[in-house]
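The structure under discussion appears below in the form of C-alpha cells.
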Amino acid sequence: MLSVRSRMKQIKVRFAPSPTGPLHIGGARSALFNYLFARKQRGKMLLRIEDTDLERSSPEFEREIIDSLSWLGINWDEGIDVGGDNGPYRQTERLDTYQRYVDQLLRSGHAYHCFCTEEELARERQALLEKGEIVAYSGKCRHLDPEERQRKLRQGLVPTVRFKVVSGQEVVVNDLVRGTVTFNSSEIGDFIIVKSDGIPTYNFAVVVDDHEMGVTHVIRAEEHLSNTPRQLLIYQTLGFEIPEFAHISLILGKDRQKMSKRHGATSIMQYRESGYLPEAVFNFLALLGWSPEGEQEILGRDEIVKQFSLSRVAKNPAVFDLDKLNWLNAQHIKRKAIMELGEMLKPYLKSSPFWHSVEQMDQATYEVLIEAVRDRIVRLVDVVKEVEPFFIRPQYEADTLDRLEQPEVRGMLQGLLEHLPDELDLEEARSFMKGLPKALQLPAKQVYMPIRLALTGSPQGPELPYLLVVMGVPEVRRRITGLI
RNA sequence: GGCCCCAUGGUCAAGUGGUUAAGACACCGCCCUUUCACGGCGGUAACUGGGGUUCGAAUCCCCAUGGGGUCACCA
C-alpha cells in the first residue's frame, strides 16, 4: 500500500556509512533494504559518507565500502562517486552547512556552549550510573552568563555546543516496521551537537543532511532507534519536515550477541574473497529479516526487488546462519553456465599449484573440468581441493596398495589399458566406462572402484569419465602402468 | 540499573481470531548412483510462562520471564 506521501512525491532513501571499518554484514543488510525499497518504489537511493569521526575514518575504508556495495550489486543514483545536486556527500566537506544551522540554534537559544571537560562528564555519568539514576547531562553550562562565557573563551577553553532539550515532553517515533514508539524527553538531557574540534556529531549532522538532501525514508538498523527522539527534537526546532523511519532489527551471531569481529568473517570482502557469489550474499541478506510471499527462496536480484515490501520485514533480530549461506551459494553456483563459472574460477585456480596444468588445457577440456566440479563446490575457493585429484599423482595408502596389488585387480587394469582408446571426449569416455565391465567380463563392482583407486588413490571423487577426459589418456596410462 | 525493542522447531521463517501450525537450512533415514557429492522422497523438531478478552486464541490486552539494543566530544 502506498502512503499518500509516496504517491505524491518520489521517495528517496540513503545509506550513510562511516568509513571507520570495512562494510560488514549488518551494514550491507541496511544498504540492501534501502536499495530494495528504492528500486521497488522507483525512487532514488543516495550514498553519503559520515566521516565526522576524524580519528577512525579513512579513505581506504571508504573505498572498501564502496567496492563492497558495488560488488553486491547495490548501486545508487546520487552521492559519492556519482555526484548529484545536493553535494558534497562527505560530511567533513559540509561543515559550513552545519555551521549555519548551529548559528541559528545558538541565536535562537536552542543551543549553548558547554565548557565541561570530558573527565568531568565521565565522572558525573559514572556517579549517575551508580546511583541508578537517569544518565543525562546535568545542564551545568546551560545558564552560564555571557560574561562568564566570554572569559572562558578568552582563557582559550574550547567549548562544545549542546542542544537544549526541554524535559517532560513526549517524543513519538512513528516507525514503519515498529509502529509507534514513545520516549520521554526527560530521559535525554542536553546533548552535544558540535564537538570541541568543531565537527558536528552524528545526531546533528544526520538530521541536517537528510533534510538538505531531501531524504524521505530513513531505513537503518535498530540500534539507532533510541537516537531517533534526539533527532526528532532537532527536526522540530529547525522546522524540518520529518521523514518516515524504518528501524530494521539487528543481525546476531551464534551467541545471539550483535555481530562483531569475534564471530568470524563479518566483512563483505571476506566473503567475496572466499568465493561467495554476490547474488548469493544478496539473496541471503534479503532473507534475513524479510521473507517473500511464495515459497521460493532461491531468488535473483530482480526477483527480490520485484517482491520486496517493508511490510514483510520482521521485527525480531535474526541469527546469522552460515549453513544457509553456504547452501544458497552452492545453489547459485549450480545455476551458473559452465563458461561463466569457468571464468569466475580462474582466479582461484591461478593461485593454486595446478595452474600450470590448467593453463595448458584446451577450452573443451577445461569446460569438462568445470562441469565435473560445479555441483561439488560450496564456495569458489573449494575448486582448488576439488580439482586436486585431476592433477596430483596419488599417494596410495598401504591398504589401498594391498588392494591394487591383488592379481585379479592387476589383470583388470591390464585389460583396461588394452581396451583404452588413444583419445576420448566426454561422451566417448562415458560409453567406454559403461561398456568396460562387459568387455572385461567382470562385475561392475570389481571394475570401477579399483580404477578410481588406481587413478586417484581415494575411494571418493569426481565421476570416472571426467577423470579420464581431464587427465588425458596418456596420463591415465602412466598412472596405471606405474602400478602393474 | 533507567529507557526502548523483540519473543513460533537448533537456525531463518509463514501465519494478522477458527489451519492436521507452512516452507527452507541443519540433522536423521530411504531411493538414485560405478564412489563421494548433487538430486528425489520421507522423518525428528516449535507457538516462553501465567492471567485475562472471546463461543473460540500462536494471533488481541496485562503481568512475569528471557533475549537484544541504547544510555559518548562513536556513528
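If you're wondering about the labels, chains in the C-alpha cells are A, B, ... by order shown, residues count from 1 in each chain, ligands from 1 in order shown.
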Give me, as a PyMOL selection string, all polymer residues having an atom no more than 12 Å from Asn34 (chain A), counting only C-alpha atoms (C1' of nucleotides) and skipping those fewer than 3 positions away in the same chain.
chain A and resi 11-16+27-31+37-47+74-76+215-221+245-248+286+305+308-310
Selection from above, N, CA and C atoms, as a CSV table (one decimal), in the first residue's frame, can you write it?
```
chain,number,residue,atom,x,y,z
A,11,ILE,N,10.1,8.9,-3.6
A,11,ILE,CA,10.8,8.6,-2.4
A,11,ILE,C,12.3,8.7,-2.6
A,12,LYS,N,13.0,9.0,-1.5
A,12,LYS,CA,14.5,9.0,-1.6
A,12,LYS,C,15.0,8.4,-0.3
A,13,VAL,N,15.8,7.4,-0.5
A,13,VAL,CA,16.4,6.8,0.7
A,13,VAL,C,17.9,7.0,0.7
A,14,ARG,N,18.6,6.7,1.7
A,14,ARG,CA,20.0,6.8,1.7
A,14,ARG,C,20.7,5.7,2.5
A,15,PHE,N,22.0,5.5,2.2
A,15,PHE,CA,22.8,4.6,3.0
A,15,PHE,C,24.0,5.5,3.4
A,16,ALA,N,24.3,5.6,4.7
A,16,ALA,CA,25.2,6.6,5.1
A,16,ALA,C,26.3,6.0,6.1
A,27,GLY,N,25.8,-3.8,8.0
A,27,GLY,CA,25.8,-2.6,7.2
A,27,GLY,C,25.3,-2.9,5.8
A,28,ALA,N,25.8,-4.0,5.3
A,28,ALA,CA,25.4,-4.4,4.0
A,28,ALA,C,23.8,-4.7,3.9
A,29,ARG,N,23.3,-5.3,5.0
A,29,ARG,CA,21.9,-5.5,5.0
A,29,ARG,C,21.1,-4.2,5.0
A,30,SER,N,21.6,-3.3,5.8
A,30,SER,CA,20.9,-2.0,5.8
A,30,SER,C,20.9,-1.3,4.5
A,31,ALA,N,22.1,-1.4,3.8
A,31,ALA,CA,22.2,-0.8,2.5
A,31,ALA,C,21.3,-1.5,1.5
A,37,PHE,N,14.1,-1.1,-1.3
A,37,PHE,CA,12.9,-0.2,-1.2
A,37,PHE,C,12.9,0.8,-2.3
A,38,ALA,N,14.1,1.4,-2.5
A,38,ALA,CA,14.2,2.4,-3.6
A,38,ALA,C,13.8,1.9,-4.9
A,39,ARG,N,14.4,0.7,-5.2
A,39,ARG,CA,14.1,0.2,-6.6
A,39,ARG,C,12.7,-0.2,-6.7
A,40,LYS,N,12.2,-0.8,-5.7
A,40,LYS,CA,10.8,-1.3,-5.8
A,40,LYS,C,9.8,-0.1,-6.0
A,41,GLN,N,10.1,0.9,-5.2
A,41,GLN,CA,9.2,2.1,-5.3
A,41,GLN,C,9.6,3.1,-6.4
A,42,ARG,N,10.6,2.7,-7.2
A,42,ARG,CA,11.0,3.5,-8.3
A,42,ARG,C,11.5,4.9,-7.8
A,43,GLY,N,12.1,4.9,-6.6
A,43,GLY,CA,12.6,6.1,-6.0
A,43,GLY,C,14.1,6.2,-6.2
A,44,LYS,N,14.7,7.1,-5.4
A,44,LYS,CA,16.2,7.3,-5.6
A,44,LYS,C,16.9,6.8,-4.3
A,45,MET,N,18.1,6.4,-4.5
A,45,MET,CA,19.0,6.0,-3.4
A,45,MET,C,20.2,6.8,-3.4
A,46,LEU,N,20.6,7.3,-2.3
A,46,LEU,CA,21.8,8.1,-2.2
A,46,LEU,C,22.8,7.5,-1.2
A,47,LEU,N,24.1,7.8,-1.5
A,47,LEU,CA,25.1,7.3,-0.7
A,47,LEU,C,25.9,8.5,-0.1
A,74,ILE,N,24.7,-3.4,-5.4
A,74,ILE,CA,23.9,-2.3,-4.9
A,74,ILE,C,24.4,-1.1,-5.5
A,75,ASN,N,23.6,-0.3,-6.2
A,75,ASN,CA,24.1,0.9,-6.8
A,75,ASN,C,23.2,2.1,-6.3
A,76,TRP,N,23.7,3.3,-6.6
A,76,TRP,CA,22.9,4.4,-6.1
A,76,TRP,C,22.9,5.5,-7.1
A,215,VAL,N,15.9,13.5,1.8
A,215,VAL,CA,15.6,12.1,2.1
A,215,VAL,C,14.2,11.9,2.7
A,216,THR,N,13.4,11.0,2.1
A,216,THR,CA,12.0,10.8,2.6
A,216,THR,C,11.9,9.6,3.5
A,217,HIS,N,12.8,8.7,3.4
A,217,HIS,CA,12.7,7.5,4.2
A,217,HIS,C,14.0,7.1,4.8
A,218,VAL,N,14.1,7.0,6.1
A,218,VAL,CA,15.3,6.6,6.8
A,218,VAL,C,15.2,5.2,7.2
A,219,ILE,N,15.9,4.3,6.5
A,219,ILE,CA,15.8,2.9,6.8
A,219,ILE,C,17.2,2.5,7.4
A,220,ARG,N,17.3,2.1,8.6
A,220,ARG,CA,18.5,1.9,9.3
A,220,ARG,C,18.4,0.8,10.4
A,221,ALA,N,19.5,0.4,10.9
A,221,ALA,CA,19.4,-0.6,12.0
A,221,ALA,C,18.8,-0.2,13.3
A,245,PHE,N,10.4,6.7,9.2
A,245,PHE,CA,11.5,5.9,9.7
A,245,PHE,C,11.2,4.5,9.6
A,246,ALA,N,12.2,3.7,9.4
A,246,ALA,CA,12.0,2.2,9.5
A,246,ALA,C,13.3,1.6,10.1
A,247,HIS,N,13.1,1.1,11.3
A,247,HIS,CA,14.3,0.6,12.0
A,247,HIS,C,14.2,-1.0,11.9
A,248,ILE,N,15.2,-1.5,11.2
A,248,ILE,CA,15.2,-2.9,11.0
A,248,ILE,C,16.1,-3.6,12.1
A,286,ALA,N,18.9,-10.7,2.1
A,286,ALA,CA,17.5,-10.3,1.9
A,286,ALA,C,16.5,-11.2,2.7
A,305,VAL,N,13.8,-7.6,-5.8
A,305,VAL,CA,13.3,-6.2,-5.9
A,305,VAL,C,11.8,-6.2,-6.2
A,308,PHE,N,9.9,-7.2,-3.0
A,308,PHE,CA,10.2,-6.5,-1.7
A,308,PHE,C,9.1,-5.6,-1.2
A,309,SER,N,8.9,-5.7,0.1
A,309,SER,CA,8.0,-4.8,0.7
A,309,SER,C,8.4,-4.6,2.2
A,310,LEU,N,8.4,-3.4,2.6
A,310,LEU,CA,8.7,-3.1,4.0
A,310,LEU,C,7.7,-3.8,5.0
```
Which residues, written as a list in words, have at least one atom at most 12 Å from Ala122 (chain A), with only C-alpha atoms (C1' of nucleotides) counted and residues fewer than 3 positions away on the same chain left out?
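Using only C-alpha atoms (C1' of nucleotides), the neighbours found are Cys116, Thr117, Glu118, Glu119, Arg125, Gln126, Ala127, Leu128, Leu129, Val135, Ala136, Tyr137 and Ser138 of chain A; A72 and C73 of chain B.
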Preceding selection exported with N, CA, C and O atoms (P, O5', C5', C4', C3', O3' and C1' of nucleotides) as a tab-separated table (two decimals), in the first residue's frame:
```
chain	number	residue	atom	x	y	z
A	116	CYS	N	32.28	22.02	29.94
A	116	CYS	CA	32.63	20.86	30.78
A	116	CYS	C	33.68	20.01	30.09
A	116	CYS	O	33.64	19.82	28.88
A	117	THR	N	34.60	19.49	30.90
A	117	THR	CA	35.64	18.65	30.30
A	117	THR	C	35.15	17.21	30.23
A	117	THR	O	34.23	16.81	30.92
A	118	GLU	N	35.82	16.45	29.40
A	118	GLU	CA	35.42	15.05	29.25
A	118	GLU	C	35.53	14.27	30.56
A	118	GLU	O	34.71	13.42	30.85
A	119	GLU	N	36.60	14.59	31.31
A	119	GLU	CA	36.81	13.90	32.58
A	119	GLU	C	35.66	14.18	33.54
A	119	GLU	O	35.11	13.29	34.19
A	125	ARG	N	28.72	11.05	34.88
A	125	ARG	CA	27.98	9.93	34.29
A	125	ARG	C	28.11	8.68	35.16
A	125	ARG	O	27.15	7.99	35.45
A	126	GLN	N	29.33	8.47	35.62
A	126	GLN	CA	29.62	7.31	36.46
A	126	GLN	C	28.79	7.35	37.75
A	126	GLN	O	28.21	6.35	38.16
A	127	ALA	N	28.74	8.54	38.32
A	127	ALA	CA	28.00	8.71	39.57
A	127	ALA	C	26.52	8.43	39.36
A	127	ALA	O	25.88	7.75	40.17
A	128	LEU	N	25.97	8.95	38.27
A	128	LEU	CA	24.56	8.74	37.99
A	128	LEU	C	24.26	7.26	37.79
A	128	LEU	O	23.27	6.72	38.26
A	129	LEU	N	25.16	6.62	37.07
A	129	LEU	CA	25.01	5.20	36.76
A	129	LEU	C	24.98	4.39	38.06
A	129	LEU	O	24.16	3.50	38.23
A	135	VAL	N	20.83	8.67	33.23
A	135	VAL	CA	22.12	9.19	32.81
A	135	VAL	C	21.90	10.29	31.77
A	135	VAL	O	21.59	10.01	30.62
A	136	ALA	N	22.02	11.51	32.22
A	136	ALA	CA	21.84	12.64	31.29
A	136	ALA	C	22.67	13.81	31.78
A	136	ALA	O	22.99	13.91	32.96
A	137	TYR	N	23.01	14.68	30.86
A	137	TYR	CA	23.82	15.84	31.22
A	137	TYR	C	23.09	16.73	32.23
A	137	TYR	O	21.89	16.97	32.11
A	138	SER	N	23.84	17.22	33.19
A	138	SER	CA	23.24	17.99	34.28
A	138	SER	C	22.69	19.34	33.85
A	138	SER	O	21.83	19.91	34.51
B	72	A	P	26.01	8.54	27.75
B	72	A	O5'	26.14	9.76	26.72
B	72	A	C5'	26.76	9.61	25.54
B	72	A	C4'	28.14	10.24	25.58
B	72	A	C3'	28.36	11.03	24.28
B	72	A	O3'	28.79	12.36	24.41
B	72	A	C1'	29.83	9.08	24.43
B	73	C	P	29.84	12.88	25.39
B	73	C	O5'	30.68	13.47	24.17
B	73	C	C5'	30.00	13.93	23.03
B	73	C	C4'	31.07	14.21	22.02
B	73	C	C3'	32.15	13.13	22.09
B	73	C	O3'	32.27	12.47	20.85
B	73	C	C1'	33.05	15.36	22.44
```
With a cut-off of 10 Å and counting only C-alpha atoms (C1' of nucleotides), select all residues of chain B in contact with chain A and give the selection as a PyMOL selection string.
chain B and resi 1-7+11-14+22-26+34-38+67-75
Mind pulling up the distance from CA of Gly239 (chain A) to CA of Val171 (chain A)?
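Separating CA of Val171 (chain A) from CA of Gly239 (chain A) is a distance of 15.3 Å.
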Name all residues at most 12 Å from C41 (chain B) (count only C-alpha atoms (C1' of nucleotides); drop same-chain ones fewer than 4 positions away) and give them as a ChimeraX atom specification.
/B:29-32
Produce a file of the selected residues containing N, CA, C and O atoms (P, O5', C5', C4', C3', O3' and C1' of nucleotides), as a PDB file, in the first residue's frame.
```pdb
ATOM      1  P     G B  29      21.429 -41.867   9.158  1.00  0.00           P
ATOM      2  O5'   G B  29      20.079 -42.408   8.532  1.00  0.00           O
ATOM      3  C5'   G B  29      19.313 -43.394   9.224  1.00  0.00           C
ATOM      4  C4'   G B  29      18.028 -43.657   8.481  1.00  0.00           C
ATOM      5  C3'   G B  29      18.182 -44.068   7.028  1.00  0.00           C
ATOM      6  O3'   G B  29      18.472 -45.451   6.902  1.00  0.00           O
ATOM      7  C1'   G B  29      16.513 -42.413   7.195  1.00  0.00           C
ATOM      8  P     C B  30      19.266 -45.944   5.602  1.00  0.00           P
ATOM      9  O5'   C B  30      18.175 -45.879   4.445  1.00  0.00           O
ATOM     10  C5'   C B  30      17.053 -46.771   4.458  1.00  0.00           C
ATOM     11  C4'   C B  30      16.071 -46.359   3.383  1.00  0.00           C
ATOM     12  C3'   C B  30      16.623 -46.355   1.967  1.00  0.00           C
ATOM     13  O3'   C B  30      16.618 -47.637   1.377  1.00  0.00           O
ATOM     14  C1'   C B  30      15.407 -44.351   2.359  1.00  0.00           C
ATOM     15  P     C B  31      17.691 -47.963   0.243  1.00  0.00           P
ATOM     16  O5'   C B  31      17.163 -47.067  -0.967  1.00  0.00           O
ATOM     17  C5'   C B  31      15.910 -47.366  -1.596  1.00  0.00           C
ATOM     18  C4'   C B  31      15.613 -46.330  -2.649  1.00  0.00           C
ATOM     19  C3'   C B  31      16.671 -46.192  -3.736  1.00  0.00           C
ATOM     20  O3'   C B  31      16.515 -47.179  -4.744  1.00  0.00           O
ATOM     21  C1'   C B  31      15.994 -44.040  -3.000  1.00  0.00           C
ATOM     22  P     C B  32      17.778 -47.630  -5.582  1.00  0.00           P
ATOM     23  O5'   C B  32      18.109 -46.319  -6.422  1.00  0.00           O
ATOM     24  C5'   C B  32      17.231 -45.865  -7.451  1.00  0.00           C
ATOM     25  C4'   C B  32      17.793 -44.612  -8.089  1.00  0.00           C
ATOM     26  C3'   C B  32      19.210 -44.755  -8.610  1.00  0.00           C
ATOM     27  O3'   C B  32      19.205 -45.284  -9.918  1.00  0.00           O
ATOM     28  C1'   C B  32      19.020 -42.755  -7.333  1.00  0.00           C
TER      29        C B  32
END
```
Mind giving me the straight-line distance from CA of Arg379 (chain A) to CA of Ser260 (chain A) in Å, one decimal?
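Result for CA of Arg379 (chain A) versus CA of Ser260 (chain A): 22.4 Å, one decimal.
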Within 12 Å of Gln104 (chain A), counting only C-alpha atoms (C1' of nucleotides), which residues qualify if same-chain residues fewer than 5 places away don't, as a PDB file with C-alpha atoms, in the first residue's frame?
```pdb
ATOM      1  CA  THR A  97      26.226  23.943   6.117  1.00  0.00           C
ATOM      2  CA  TYR A  98      26.186  22.611   9.660  1.00  0.00           C
ATOM      3  CA  GLN A  99      27.634  25.856  10.928  1.00  0.00           C
ATOM      4  CA  GLY A 109      18.627  29.986  22.311  1.00  0.00           C
ATOM      5  CA  HIS A 110      18.030  26.358  21.394  1.00  0.00           C
ATOM      6  CA  ALA A 111      21.684  25.548  21.840  1.00  0.00           C
ATOM      7  CA  TYR A 112      24.502  26.745  24.047  1.00  0.00           C
ATOM      8  CA  PHE A 163      21.269  21.186  22.091  1.00  0.00           C
ATOM      9  CA  ILE A 234      16.153  18.778  16.103  1.00  0.00           C
ATOM     10  CA  THR A 237      13.073  23.073  16.336  1.00  0.00           C
ATOM     11  CA  LEU A 238      14.637  23.599  12.938  1.00  0.00           C
ATOM     12  CA  GLY A 239      11.237  23.282  11.339  1.00  0.00           C
TER      13      GLY A 239
END
```
Tell me which protein, DNA and RNA residues are within 12 Å of Asp96 (chain A), counting only C-alpha atoms (C1' of nucleotides), leaving out same-chain ones fewer than 3 positions away, and put them as number ranges by chain.
A: 88, 91-93, 99-103, 198-200, 205, 208
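Here CA of Val281 (chain A) stands at a distance of 16.8 Å from CA of Glu64 (chain A).
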What lies within 12 Å of Tyr271 (chain A) using only C-alpha atoms (C1' of nucleotides), ignoring chain neighbours under 6 positions off, as a VMD selection string?
chain A and resid 23 to 25 68 71 to 72 264 to 265 277 to 282 322 325 to 326 329 379 to 381
